[in-house]
>>> print(open('protein-v8.cif').read())   # mmCIF, C-alpha atoms
data_upload
loop_
_atom_site.label_atom_id
_atom_site.label_comp_id
_atom_site.auth_asym_id
_atom_site.auth_seq_id
_atom_site.Cartn_x
_atom_site.Cartn_y
_atom_site.Cartn_z
CA MET A 1 37.98 11.88 -120.15
CA ASP A 2 37.09 9.85 -117.06
CA VAL A 3 37.85 11.91 -113.95
CA TYR A 4 39.81 9.09 -112.29
CA GLN A 5 41.89 8.32 -115.39
CA ASP A 6 42.59 12.03 -115.65
CA LEU A 7 43.67 12.12 -112.00
CA TRP A 8 46.09 9.25 -112.55
CA ASN A 9 47.48 10.89 -115.71
CA LYS A 10 48.19 14.07 -113.75
CA THR A 11 49.74 12.05 -110.92
CA ARG A 12 52.04 10.32 -113.45
CA ASP A 13 53.05 13.71 -114.83
CA LYS A 14 54.01 14.91 -111.33
CA LEU A 15 55.97 11.70 -110.72
CA ALA A 16 57.79 12.12 -114.02
CA ALA A 17 58.78 15.65 -113.04
CA SER A 18 60.11 14.61 -109.63
CA LEU A 19 61.99 11.43 -110.60
CA ALA A 20 64.98 10.78 -112.80
CA GLU A 21 63.85 9.88 -116.31
CA GLU A 22 65.41 6.41 -116.13
CA THR A 23 63.81 5.71 -112.75
CA PHE A 24 60.38 6.84 -113.91
CA ASP A 25 60.55 4.84 -117.13
CA GLU A 26 61.69 1.68 -115.33
CA THR A 27 58.72 1.73 -112.94
CA PHE A 28 55.86 3.76 -114.42
CA SER A 29 56.23 3.57 -118.20
CA ASN A 30 53.59 0.83 -118.51
CA VAL A 31 51.43 1.83 -115.54
CA LYS A 32 48.80 3.85 -117.38
CA LYS A 33 45.35 2.30 -117.23
CA VAL A 34 42.75 2.96 -114.53
CA LEU A 35 40.46 -0.06 -114.27
CA LYS A 36 37.72 1.24 -112.01
CA ASN A 37 36.83 3.30 -108.97
CA GLU A 38 35.11 1.64 -106.05
CA ASN A 39 34.39 3.22 -102.66
CA GLY A 40 37.11 5.83 -103.10
CA ILE A 41 39.75 3.35 -104.28
CA ILE A 42 41.08 3.79 -107.81
CA TYR A 43 42.45 0.54 -109.23
CA VAL A 44 45.43 0.94 -111.59
CA LEU A 45 46.81 -1.91 -113.70
CA THR A 46 50.52 -2.80 -113.39
CA PRO A 47 52.37 -5.09 -115.82
CA SER A 48 53.96 -7.37 -113.19
CA LEU A 49 54.11 -8.29 -109.52
CA TYR A 50 57.61 -6.78 -109.40
CA ILE A 51 56.38 -3.36 -110.58
CA LYS A 52 53.37 -3.51 -108.25
CA THR A 53 55.59 -4.37 -105.26
CA ARG A 54 58.12 -1.70 -106.19
CA ILE A 55 55.45 1.00 -106.37
CA ASN A 56 53.91 -0.06 -103.05
CA ASN A 57 57.29 -0.22 -101.29
CA LEU A 58 58.95 2.89 -102.72
CA TYR A 59 56.36 5.32 -104.02
CA ALA A 60 53.06 4.84 -102.15
CA ARG A 61 53.63 7.76 -99.79
CA LYS A 62 54.80 10.08 -102.58
CA ILE A 63 51.78 9.21 -104.70
CA GLY A 64 49.50 9.92 -101.72
CA GLU A 65 51.08 13.35 -101.24
CA ILE A 66 50.67 14.21 -104.93
CA VAL A 67 47.02 13.12 -104.97
CA SER A 68 46.20 15.20 -101.89
CA LYS A 69 47.46 18.28 -103.74
CA LEU A 70 45.64 17.50 -106.99
CA THR A 71 42.13 16.86 -105.62
CA ASP A 72 39.89 17.37 -102.63
CA LEU A 73 38.30 13.98 -103.26
CA ARG A 74 39.00 11.33 -100.61
CA VAL A 75 40.54 8.76 -102.91
CA LYS A 76 43.61 6.53 -103.01
CA PHE A 77 45.26 4.48 -105.73
CA LYS A 78 45.50 0.71 -105.47
CA PHE A 79 47.87 -1.07 -107.85
CA VAL A 80 46.90 -4.50 -109.17
CA CYS A 81 48.16 -7.09 -111.64
CA GLU A 82 46.20 -8.68 -114.46
CA GLY A 83 45.93 -11.95 -112.54
CA GLU A 84 44.12 -10.24 -109.67
CA ILE A 85 41.07 -9.25 -111.70
CA LYS A 86 38.16 -11.24 -112.99
CA VAL A 87 36.18 -9.94 -115.96
CA GLU A 88 32.55 -11.06 -115.60
CA LYS A 89 31.09 -8.98 -118.44
CA PRO A 90 32.57 -6.39 -120.79
CA GLU A 91 33.73 -3.37 -118.78
CA GLN A 92 32.73 -5.09 -115.51
CA ILE A 93 35.63 -6.08 -113.29
CA LYS A 94 35.68 -7.82 -109.92
CA LEU A 95 38.67 -7.97 -107.57
CA ASN A 96 39.37 -10.39 -104.75
CA LYS A 97 38.28 -9.05 -101.39
CA ASN A 98 37.59 -10.79 -98.05
CA ASN A 99 40.97 -9.82 -96.52
CA LEU A 100 42.82 -12.16 -98.89
CA LYS A 101 46.25 -11.33 -100.27
CA ASN A 102 45.92 -11.76 -104.01
CA ASN A 103 49.58 -12.69 -104.53
CA PHE A 104 49.35 -15.59 -102.04
CA THR A 105 48.31 -18.32 -104.45
CA PHE A 106 49.11 -21.98 -105.05
CA ASP A 107 51.23 -20.92 -108.03
CA SER A 108 53.39 -18.67 -105.86
CA LEU A 109 54.02 -21.37 -103.25
CA VAL A 110 57.36 -23.16 -103.52
CA VAL A 111 56.61 -26.83 -102.92
CA GLY A 112 59.09 -29.29 -101.40
CA GLU A 113 59.14 -32.20 -99.00
CA SER A 114 58.41 -29.88 -96.08
CA ASN A 115 55.00 -28.79 -97.39
CA ARG A 116 54.02 -31.25 -100.13
CA LEU A 117 51.28 -32.97 -98.11
CA SER A 118 49.79 -29.71 -96.82
CA TYR A 119 49.91 -28.21 -100.34
CA SER A 120 48.13 -31.21 -101.91
CA THR A 121 45.52 -31.30 -99.16
CA GLY A 122 44.90 -27.56 -99.40
CA LEU A 123 44.46 -27.80 -103.16
CA LYS A 124 41.86 -30.56 -102.75
CA VAL A 125 40.02 -28.48 -100.15
CA ALA A 126 39.97 -25.52 -102.55
CA GLU A 127 38.54 -27.73 -105.30
CA GLN A 128 35.86 -29.25 -103.04
CA PRO A 129 35.16 -26.81 -100.18
CA GLY A 130 33.07 -28.29 -97.39
CA VAL A 131 33.32 -31.75 -98.95
CA PHE A 132 36.89 -33.09 -99.04
CA VAL A 133 37.93 -32.52 -95.39
CA ASN A 134 36.33 -30.18 -92.88
CA PRO A 135 37.85 -28.57 -90.94
CA LEU A 136 41.38 -28.46 -92.33
CA TYR A 137 43.85 -27.79 -89.51
CA ILE A 138 47.33 -26.62 -90.59
CA PHE A 139 50.09 -26.38 -87.99
CA GLY A 140 53.81 -25.58 -87.96
CA GLY A 141 56.43 -23.13 -86.76
CA VAL A 142 56.64 -19.40 -87.42
CA GLY A 143 57.42 -18.29 -90.96
CA LEU A 144 56.97 -21.64 -92.69
CA GLY A 145 54.08 -20.68 -95.00
CA LYS A 146 50.87 -21.56 -93.13
CA THR A 147 49.29 -18.18 -93.83
CA HIS A 148 50.35 -18.28 -97.48
CA LEU A 149 48.70 -21.68 -97.92
CA MET A 150 45.52 -20.48 -96.21
CA HIS A 151 45.26 -17.44 -98.50
CA ALA A 152 45.95 -19.68 -101.51
CA ILE A 153 42.99 -21.86 -100.54
CA GLY A 154 40.71 -18.84 -100.23
CA ASN A 155 41.88 -17.29 -103.49
CA GLN A 156 41.42 -20.55 -105.39
CA ILE A 157 37.89 -21.03 -104.01
CA ILE A 158 36.95 -17.54 -105.21
CA GLU A 159 38.64 -18.15 -108.55
CA ASN A 160 36.53 -21.28 -109.01
CA ASP A 161 33.29 -19.53 -108.05
CA LEU A 162 33.06 -15.77 -107.53
CA ASN A 163 29.81 -16.19 -105.62
CA ASN A 164 31.55 -17.93 -102.71
CA ASN A 165 31.51 -15.78 -99.58
CA VAL A 166 35.03 -16.22 -98.17
CA LEU A 167 36.43 -14.51 -95.07
CA TYR A 168 40.01 -14.56 -93.78
CA ILE A 169 40.64 -13.38 -90.22
CA GLN A 170 43.22 -13.77 -87.49
CA ALA A 171 41.85 -15.28 -84.29
CA SER A 172 42.69 -12.03 -82.47
CA ASP A 173 40.44 -10.17 -84.95
CA PHE A 174 37.53 -12.40 -83.98
CA ILE A 175 38.10 -11.56 -80.30
CA THR A 176 38.26 -7.84 -81.09
CA ASP A 177 35.07 -7.97 -83.15
CA TYR A 178 33.23 -9.77 -80.37
CA ILE A 179 34.43 -7.40 -77.62
CA LYS A 180 33.44 -4.32 -79.66
CA ALA A 181 29.97 -5.77 -80.28
CA VAL A 182 29.45 -6.55 -76.59
CA GLN A 183 30.69 -3.13 -75.46
CA ALA A 184 28.39 -1.42 -77.96
CA GLN A 185 25.54 -3.70 -76.86
CA ASN A 186 24.91 -4.33 -80.53
CA MET A 187 25.66 -7.78 -81.96
CA THR A 188 24.09 -6.99 -85.34
CA SER A 189 27.29 -5.94 -87.16
CA PHE A 190 29.17 -8.88 -85.63
CA GLU A 191 26.52 -11.34 -86.76
CA GLU A 192 26.32 -9.80 -90.23
CA LYS A 193 30.06 -10.22 -90.69
CA TYR A 194 30.10 -13.91 -89.80
CA GLU A 195 26.72 -15.14 -91.02
CA ASN A 196 26.15 -16.60 -94.47
CA LEU A 197 29.81 -17.46 -94.96
CA ASP A 198 30.78 -20.23 -97.35
CA VAL A 199 34.40 -20.38 -96.20
CA LEU A 200 36.00 -19.21 -92.94
CA LEU A 201 39.80 -19.02 -92.73
CA VAL A 202 41.14 -18.46 -89.20
CA ASP A 203 44.84 -17.78 -88.69
CA ASP A 204 46.73 -18.38 -85.42
CA ILE A 205 43.88 -20.08 -83.59
CA GLN A 206 46.06 -20.33 -80.47
CA MET A 207 45.36 -16.61 -79.93
CA LEU A 208 41.77 -17.53 -79.10
CA ALA A 209 43.06 -18.60 -75.68
CA GLN A 210 42.88 -14.93 -74.69
CA GLY A 211 39.09 -14.90 -74.42
CA ASN A 212 36.71 -17.37 -72.80
CA LYS A 213 33.42 -15.83 -73.96
CA SER A 214 34.74 -15.30 -77.48
CA GLN A 215 35.62 -19.01 -77.51
CA GLN A 216 32.00 -19.83 -76.74
CA GLU A 217 30.90 -17.55 -79.59
CA PHE A 218 33.42 -19.18 -81.94
CA PHE A 219 32.14 -22.61 -80.87
CA LYS A 220 28.62 -21.60 -81.99
CA LEU A 221 29.94 -20.22 -85.30
CA PHE A 222 32.02 -23.36 -85.89
CA ASN A 223 29.05 -25.66 -85.32
CA ASP A 224 26.82 -23.56 -87.57
CA LEU A 225 29.29 -23.61 -90.47
CA ILE A 226 30.08 -27.32 -90.15
CA GLY A 227 26.36 -28.07 -89.88
CA ARG A 228 25.78 -26.28 -93.18
CA GLN A 229 28.80 -28.01 -94.78
CA LYS A 230 30.68 -24.74 -95.10
CA GLN A 231 34.48 -24.96 -95.21
CA ILE A 232 36.64 -24.03 -92.23
CA VAL A 233 40.44 -23.79 -92.42
CA ILE A 234 42.49 -23.15 -89.29
CA THR A 235 46.20 -22.54 -88.71
CA SER A 236 48.13 -22.88 -85.48
CA ASP A 237 51.66 -23.15 -84.13
CA CYS A 238 50.99 -26.60 -82.67
CA PRO A 239 48.73 -29.68 -83.07
CA ALA A 240 45.15 -29.17 -81.89
CA LYS A 241 45.49 -31.44 -78.88
CA LYS A 242 48.50 -29.42 -77.69
CA LEU A 243 46.62 -26.11 -77.63
CA THR A 244 46.54 -24.54 -74.18
CA GLY A 245 43.80 -22.29 -72.87
CA ILE A 246 41.31 -23.51 -75.49
CA MET A 247 38.19 -25.33 -74.28
CA ASP A 248 38.21 -29.11 -74.87
CA ARG A 249 35.02 -29.09 -76.90
CA LEU A 250 36.69 -26.75 -79.40
CA THR A 251 39.97 -28.66 -79.69
CA SER A 252 38.05 -31.90 -80.16
CA ARG A 253 36.17 -30.33 -83.07
CA PHE A 254 39.42 -29.07 -84.61
CA GLN A 255 40.45 -32.72 -84.77
CA MET A 256 37.25 -33.79 -86.56
CA GLY A 257 38.73 -33.21 -89.99
CA VAL A 258 42.35 -33.55 -91.09
CA SER A 259 45.50 -32.03 -89.58
CA VAL A 260 48.57 -31.38 -91.75
CA ASP A 261 51.89 -29.95 -90.66
CA ILE A 262 54.44 -27.78 -92.45
CA GLN A 263 58.06 -28.43 -91.57
CA GLN A 264 61.27 -26.53 -92.18
CA PRO A 265 62.24 -26.47 -95.87
CA ASP A 266 65.33 -28.45 -96.89
CA LEU A 267 68.27 -26.89 -98.74
CA PRO A 268 66.99 -27.34 -102.33
CA GLN A 269 63.60 -25.92 -101.36
CA ARG A 270 65.23 -22.96 -99.60
CA VAL A 271 67.23 -22.17 -102.74
CA ASN A 272 64.05 -22.34 -104.83
CA ILE A 273 62.29 -20.03 -102.39
CA LEU A 274 65.11 -17.51 -102.76
CA LYS A 275 64.85 -17.73 -106.55
CA ARG A 276 61.13 -17.00 -106.36
CA LYS A 277 61.57 -14.09 -103.92
CA LEU A 278 64.31 -12.62 -106.09
CA ALA A 279 62.18 -12.82 -109.24
CA GLU A 280 59.19 -11.23 -107.50
CA ASN A 281 60.96 -8.36 -105.73
CA SER A 282 64.12 -7.44 -107.59
CA ASN A 283 65.46 -7.05 -111.10
CA LYS A 284 68.94 -8.13 -110.00
CA GLN A 285 70.44 -11.47 -110.96
CA LEU A 286 72.24 -13.48 -108.26
CA ASP A 287 74.47 -16.45 -109.01
CA GLU A 288 73.19 -19.75 -107.59
CA LYS A 289 76.32 -19.97 -105.42
CA ILE A 290 75.15 -16.81 -103.62
CA LEU A 291 71.64 -18.20 -103.13
CA THR A 292 73.04 -21.50 -101.87
CA PHE A 293 75.27 -19.66 -99.40
CA ILE A 294 72.26 -17.76 -98.04
CA ALA A 295 70.18 -20.96 -97.88
CA GLU A 296 72.93 -22.82 -96.02
CA ASN A 297 73.12 -20.16 -93.33
CA PHE A 298 69.43 -19.34 -92.76
CA VAL A 299 67.54 -22.55 -92.13
CA ASP A 300 64.84 -21.88 -89.55
CA ASN A 301 62.10 -20.30 -91.64
CA VAL A 302 61.24 -18.42 -94.80
CA ARG A 303 61.24 -15.01 -93.10
CA GLU A 304 64.86 -15.36 -91.97
CA LEU A 305 65.77 -16.65 -95.41
CA GLU A 306 64.16 -13.64 -97.09
CA GLY A 307 65.89 -11.35 -94.59
CA GLY A 308 69.27 -12.76 -95.62
CA LEU A 309 68.46 -12.18 -99.30
CA ASN A 310 67.26 -8.62 -98.65
CA ARG A 311 70.44 -7.80 -96.74
CA VAL A 312 72.61 -8.93 -99.65
CA LEU A 313 70.55 -6.87 -102.11
CA TRP A 314 70.64 -3.86 -99.79
CA TYR A 315 74.41 -4.21 -99.38
CA CYS A 316 74.87 -4.17 -103.17
CA GLU A 317 72.75 -1.02 -103.45
CA VAL A 318 74.45 0.86 -100.60
CA TYR A 319 77.97 0.16 -101.82
CA ASN A 320 77.00 0.26 -105.52
CA LYS A 321 78.65 -3.08 -106.23
CA GLU A 322 77.74 -6.03 -108.39
CA PRO A 323 76.57 -9.12 -106.46
CA SER A 324 79.24 -11.74 -105.79
CA LEU A 325 79.74 -14.59 -103.33
CA GLU A 326 82.47 -12.62 -101.57
CA LEU A 327 80.18 -9.60 -101.22
CA ALA A 328 77.36 -11.83 -99.90
CA LYS A 329 79.71 -13.28 -97.25
CA GLU A 330 80.72 -9.76 -96.27
CA ALA A 331 77.11 -8.58 -96.09
CA LEU A 332 75.97 -11.51 -93.96
CA GLU A 333 79.05 -11.89 -91.77
CA VAL A 334 77.65 -10.04 -88.77
CA LEU A 335 74.34 -11.94 -88.88
CA ILE A 336 76.03 -15.33 -89.24
CA LYS A 337 78.43 -14.63 -86.35
CA ALA A 338 75.57 -13.63 -84.08
CA GLN A 339 73.61 -16.69 -85.18
CA LYS A 340 76.50 -19.07 -84.48
CA ALA A 341 77.03 -17.58 -81.04
CA GLN A 342 73.38 -18.21 -80.29
CA GLU A 343 73.47 -21.69 -81.84
CA LYS A 344 75.97 -23.01 -79.30
CA GLY A 345 73.67 -22.18 -76.43
CA ASN A 346 70.68 -23.42 -78.39
CA TYR A 347 72.07 -26.82 -79.34
CA GLU A 348 73.29 -27.40 -75.78
CA ALA A 349 69.76 -26.56 -74.65
CA ALA A 350 68.42 -28.99 -77.28
CA LEU A 351 70.56 -31.82 -75.94
CA SER A 352 69.35 -31.01 -72.43
CA VAL A 353 65.67 -31.01 -73.51
CA ILE A 354 66.07 -34.34 -75.31
CA SER A 355 67.83 -35.88 -72.28
CA ASN A 356 65.10 -34.66 -69.92
CA THR A 357 62.34 -35.87 -72.25
CA TYR A 358 63.72 -39.41 -72.17
CA SER A 359 64.91 -39.29 -68.53
CA ILE A 360 68.57 -39.87 -69.29
CA SER A 361 71.68 -37.81 -68.64
CA THR A 362 73.33 -35.69 -71.33
CA ALA A 363 76.49 -37.75 -70.76
CA ASP A 364 74.56 -40.93 -71.65
CA LEU A 365 73.01 -39.19 -74.67
CA LEU A 366 76.48 -38.37 -75.97
CA GLY A 367 78.04 -41.61 -74.77
CA LYS A 368 78.92 -44.87 -76.53
CA SER A 369 76.34 -47.20 -74.95
CA ARG A 370 74.11 -49.00 -77.46
CA ASN A 371 71.36 -49.62 -74.94
CA ALA A 372 67.99 -49.02 -76.63
CA LYS A 373 67.01 -46.37 -74.07
CA TYR A 374 69.94 -44.22 -75.27
CA VAL A 375 69.93 -45.02 -79.00
CA LEU A 376 66.51 -43.51 -79.90
CA PRO A 377 67.09 -40.14 -78.14
CA ARG A 378 70.61 -40.06 -79.63
CA HIS A 379 69.18 -40.51 -83.13
CA ILE A 380 66.58 -37.82 -82.38
CA ALA A 381 69.42 -35.50 -81.34
CA MET A 382 71.20 -36.18 -84.64
CA TYR A 383 68.00 -35.51 -86.58
CA ILE A 384 67.20 -32.25 -84.75
CA LEU A 385 70.76 -30.94 -85.03
CA LYS A 386 70.58 -31.64 -88.78
CA THR A 387 67.07 -30.41 -89.62
CA HIS A 388 66.45 -27.72 -87.00
CA PHE A 389 69.94 -26.24 -86.69
CA GLY A 390 71.16 -27.06 -90.20
CA PHE A 391 74.46 -28.50 -88.97
CA THR A 392 76.55 -30.64 -91.29
CA TYR A 393 76.98 -34.35 -90.54
CA SER A 394 80.61 -33.70 -89.62
CA LYS A 395 79.68 -30.94 -87.18
CA ILE A 396 77.04 -33.13 -85.55
CA GLY A 397 79.59 -35.93 -85.26
CA ALA A 398 81.96 -33.56 -83.48
CA ILE A 399 79.22 -32.51 -81.04
CA LEU A 400 78.34 -36.17 -80.36
CA ASN A 401 81.83 -37.11 -79.15
CA GLY A 402 83.55 -37.61 -82.47
CA ARG A 403 81.12 -39.93 -84.27
CA ASP A 404 81.82 -40.25 -87.97
CA HIS A 405 79.84 -38.82 -90.88
CA THR A 406 78.22 -42.15 -91.84
CA THR A 407 76.96 -42.85 -88.32
CA ILE A 408 75.24 -39.46 -88.16
CA MET A 409 73.75 -39.82 -91.64
CA ASN A 410 72.37 -43.29 -90.79
CA GLY A 411 70.88 -42.01 -87.53
CA CYS A 412 69.11 -39.14 -89.32
CA THR A 413 67.85 -41.49 -92.03
CA LYS A 414 66.36 -43.87 -89.45
CA ILE A 415 64.37 -41.04 -87.86
CA GLU A 416 63.23 -39.73 -91.26
CA GLU A 417 61.95 -43.18 -92.24
CA GLU A 418 60.28 -43.74 -88.87
CA LEU A 419 58.51 -40.36 -89.07
CA LYS A 420 56.65 -41.50 -92.19
CA THR A 421 54.53 -43.92 -90.16
CA ASN A 422 55.18 -43.24 -86.46
CA GLN A 423 52.86 -40.45 -85.29
CA GLU A 424 54.00 -40.82 -81.69
CA LEU A 425 57.61 -40.12 -82.67
CA LYS A 426 56.51 -37.12 -84.76
CA MET A 427 54.61 -35.75 -81.78
CA ALA A 428 57.60 -36.27 -79.45
CA ILE A 429 59.90 -34.35 -81.80
CA ASN A 430 57.35 -31.56 -82.20
CA ILE A 431 57.14 -31.24 -78.42
CA ILE A 432 60.94 -31.03 -78.15
CA LEU A 433 61.08 -28.36 -80.86
CA LYS A 434 58.28 -26.41 -79.20
CA LYS A 435 60.24 -26.39 -75.92
CA LEU A 436 63.22 -25.00 -77.81
#
>>> encode(input="protein-v8.cif", output="structure tokens")
Amino acid sequence: MDVYQDLWNKTRDKLAASLAEETFDETFSNVKKVLKNENGIIYVLTPSLYIKTRINNLYARKIGEIVSKLTDLRVKFKFVCEGEIKVEKPEQIKLNKNNLKNNFTFDSLVVGESNRLSYSTGLKVAEQPGVFVNPLYIFGGVGLGKTHLMHAIGNQIIENDLNNNVLYIQASDFITDYIKAVQAQNMTSFEEKYENLDVLLVDDIQMLAQGNKSQQEFFKLFNDLIGRQKQIVITSDCPAKKLTGIMDRLTSRFQMGVSVDIQQPDLPQRVNILKRKLAENSNKQLDEKILTFIAENFVDNVRELEGGLNRVLWYCEVYNKEPSLELAKEALEVLIKAQKAQEKGNYEAALSVISNTYSISTADLLGKSRNAKYVLPRHIAMYILKTHFGFTYSKIGAILNGRDHTTIMNGCTKIEEELKTNQELKMAINIILKKL
């Protein structure tokens, strides 16, 4: 029997002896087949993303301890799903590398109004790398899915052609690589890593502001790749022209291609995200009322949303109770109270930022005057309180001196319609949100 398959069989036996029978069967009953060994990593097939995630989250350390007692070989197990492997020839298997997360795909992205344009653009780039738009610049707030989309592009490009040389890095990794090469007085390994790429994916480009010389090196790499029609995808927390500490000749090149933004997901999209996260990471069933409650109270980004879901699931486990809306409210009460306390200061700060941006007083912003100089910032305030803070129309009306539900809804609608064509307005709102 193959030595690595034998090692996994023995590891399973040890796990079976140390876990309750029901627990072992639920997780490991169908985790039997070793696919291959490569550079000390033994790839084991799992039947689903849920099982793979569960093993990685709950049993990785235990498996490592068992393996260290069973063999002197320096090996570790890596658990993969069927969709992560590509069979080129019988018995020959290739797995995605290049720093890409295999589960970050277009299929696993939840698409809504907030990311529809960026999703469609990214898909086109993946289908025609170096041809459709180059570079692709993706910007948006923290936790909105920029990195997921970037990995999806890379994974799809590899799926379409395994010979594509794709590399995903964070901008800070590029700086680190360059500094190490300079300190070692050996640029060979640095050059080998970044030469002959077909696709370069750079996350959080704003971090490049930390190094002037590394910017110059990135400028040379950028020009080389673009000159050879190789695809570049960049993410950032702001539009390219708003980057600070980045040399002008770089930011101007970032604007050569197409920029797309990812905004905060709306309520239906947030509920769908929760459904996807629940299916991927838990075998529990939650009523849609529970998911809607979580989505109504965590609006800023996907990470907070997932945190709310995880707290509800954790609460059910700790107290050994079945999920219910009442239990979800109890589990999230402390987080929601803290959030609301912070919101008051935040929305007052938002009104102040909007007033300062348009050189009017907060009293005029909240006032009754229909002078054009007050109406636009007032509508912007309505829109930001609705989309950024997730307030209801009634609550916004109360903040804005008792305006009724319809007035607030109409104000938000006007901004939404204007944003479809008015880039200057979109930029102004992004600047306000960045200040917040």
>>> resolve_selection(input="protein-v8.cif", expression="the PyMOL selection byres ((chain A and resi 409) around 12)", output="VMD selection string")
chain A and resid 379 to 383 385 to 387 391 to 397 403 to 408 410 to 416
>>> residues_around(input="protein-v8.cif", residues="Asp266 in chain A", least_positions_apart="2", cutoff="8 Å", atoms="only C-alpha atoms", output="VMD selection string")
chain A and resid 112 to 114 264 268 to 270 299 387
>>> write_last_selection(input="protein-v8.cif", atoms="C-alpha atoms", output="compact mmCIF listing (two decimals), in the coordinates of the input")
# COMPACT_ATOMS: atom_id res chain seq x y z
CA GLY A 112 59.09 -29.29 -101.40
CA GLU A 113 59.14 -32.20 -99.00
CA SER A 114 58.41 -29.88 -96.08
CA GLN A 264 61.27 -26.53 -92.18
CA PRO A 268 66.99 -27.34 -102.33
CA GLN A 269 63.60 -25.92 -101.36
CA ARG A 270 65.23 -22.96 -99.60
CA VAL A 299 67.54 -22.55 -92.13
CA THR A 387 67.07 -30.41 -89.62
>>> residues_around(input="protein-v8.cif", residues="Asp224 in chain A", least_positions_apart="3", cutoff="12 Å", atoms="all atoms listed in the file", output="MDAnalysis selection string")
chainID A and resid 194:200 217:221 227:232
>>> residues_around(input="protein-v8.cif", residues="Phe389 in chain A", least_positions_apart="6", cutoff="10 Å", atoms="all atoms listed in the file", output="list in words")
Asn297, Phe298, Val299, Asp300, Lys340, Glu343, Asn346, Tyr347, Ala350, Tyr383 and Ile396 of chain A
>>> resolve_selection(input="protein-v8.cif", expression="the PyMOL selection byres ((chain A and resi 190) around 12)", output="JSON list (two decimals) with C-alpha atoms, in the frame of the given file")
[["chain", "number", "residue", "atom", "x", "y", "z"],
["A", 173, "ASP", "CA", 40.44, -10.17, -84.95],
["A", 174, "PHE", "CA", 37.53, -12.40, -83.98],
["A", 175, "ILE", "CA", 38.10, -11.56, -80.30],
["A", 176, "THR", "CA", 38.26, -7.84, -81.09],
["A", 177, "ASP", "CA", 35.07, -7.97, -83.15],
["A", 178, "TYR", "CA", 33.23, -9.77, -80.37],
["A", 179, "ILE", "CA", 34.43, -7.40, -77.62],
["A", 180, "LYS", "CA", 33.44, -4.32, -79.66],
["A", 181, "ALA", "CA", 29.97, -5.77, -80.28],
["A", 182, "VAL", "CA", 29.45, -6.55, -76.59],
["A", 183, "GLN", "CA", 30.69, -3.13, -75.46],
["A", 184, "ALA", "CA", 28.39, -1.42, -77.96],
["A", 185, "GLN", "CA", 25.54, -3.70, -76.86],
["A", 186, "ASN", "CA", 24.91, -4.33, -80.53],
["A", 187, "MET", "CA", 25.66, -7.78, -81.96],
["A", 188, "THR", "CA", 24.09, -6.99, -85.34],
["A", 189, "SER", "CA", 27.29, -5.94, -87.16],
["A", 191, "GLU", "CA", 26.52, -11.34, -86.76],
["A", 192, "GLU", "CA", 26.32, -9.80, -90.23],
["A", 193, "LYS", "CA", 30.06, -10.22, -90.69],
["A", 194, "TYR", "CA", 30.10, -13.91, -89.80],
["A", 195, "GLU", "CA", 26.72, -15.14, -91.02],
["A", 214, "SER", "CA", 34.74, -15.30, -77.48],
["A", 217, "GLU", "CA", 30.90, -17.55, -79.59],
["A", 218, "PHE", "CA", 33.42, -19.18, -81.94],
["A", 221, "LEU", "CA", 29.94, -20.22, -85.30]]
>>> residues_around(input="protein-v8.cif", residues="Tyr50 in chain A", least_positions_apart="2", cutoff="8 Å", atoms="all atoms listed in the file", output="JSON, numbers by chain")
{"A": [48, 52, 53, 54, 279, 280, 281, 282]}
>>> atom_distance(input="protein-v8.cif", atom1="CA of Glu322 in chain A", atom2="CA of Glu304 in chain A")
22.9 Å
>>> residues_around(input="protein-v8.cif", residues="Ser18 in chain A", least_positions_apart="4", cutoff="12 Å", atoms="only C-alpha atoms", output="ChimeraX atom specification")
/A:11-14,22-24,59,62-63,66
>>> atom_distance(input="protein-v8.cif", atom1="CA of Ile205 in chain A", atom2="CA of Gln156 in chain A")
21.9 Å
>>> atom_distance(input="protein-v8.cif", atom1="CA of Val202 in chain A", atom2="CA of Val110 in chain A")
22.1 Å
>>> resolve_selection(input="protein-v8.cif", expression="the PyMOL selection byres ((chain A and resi 276) around 12)", output="ChimeraX atom specification")
/A:49-50,107-111,269-275,277-283,285-286,291,302,305-306,309
>>> residues_near_point(input="protein-v8.cif", point="(48.9, -1.1, -112.0)", cutoff="12 Å", atoms="all atoms listed in the file", output="ChimeraX atom specification")
/A:8,12,27-36,42-56,77-85
>>> closest_residue(input="protein-v8.cif", among="A:Gly154, A:Lys329, A:Met427, A:Arg303", to="Tyr315 in chain A", atoms="all atoms listed in the file")
A:Lys329
>>> closest_residue(input="protein-v8.cif", among="A:Ile262, A:Leu7, A:Leu325, A:Ala398", to="Ser120 in chain A", atoms="only C-alpha atoms")
A:Ile262
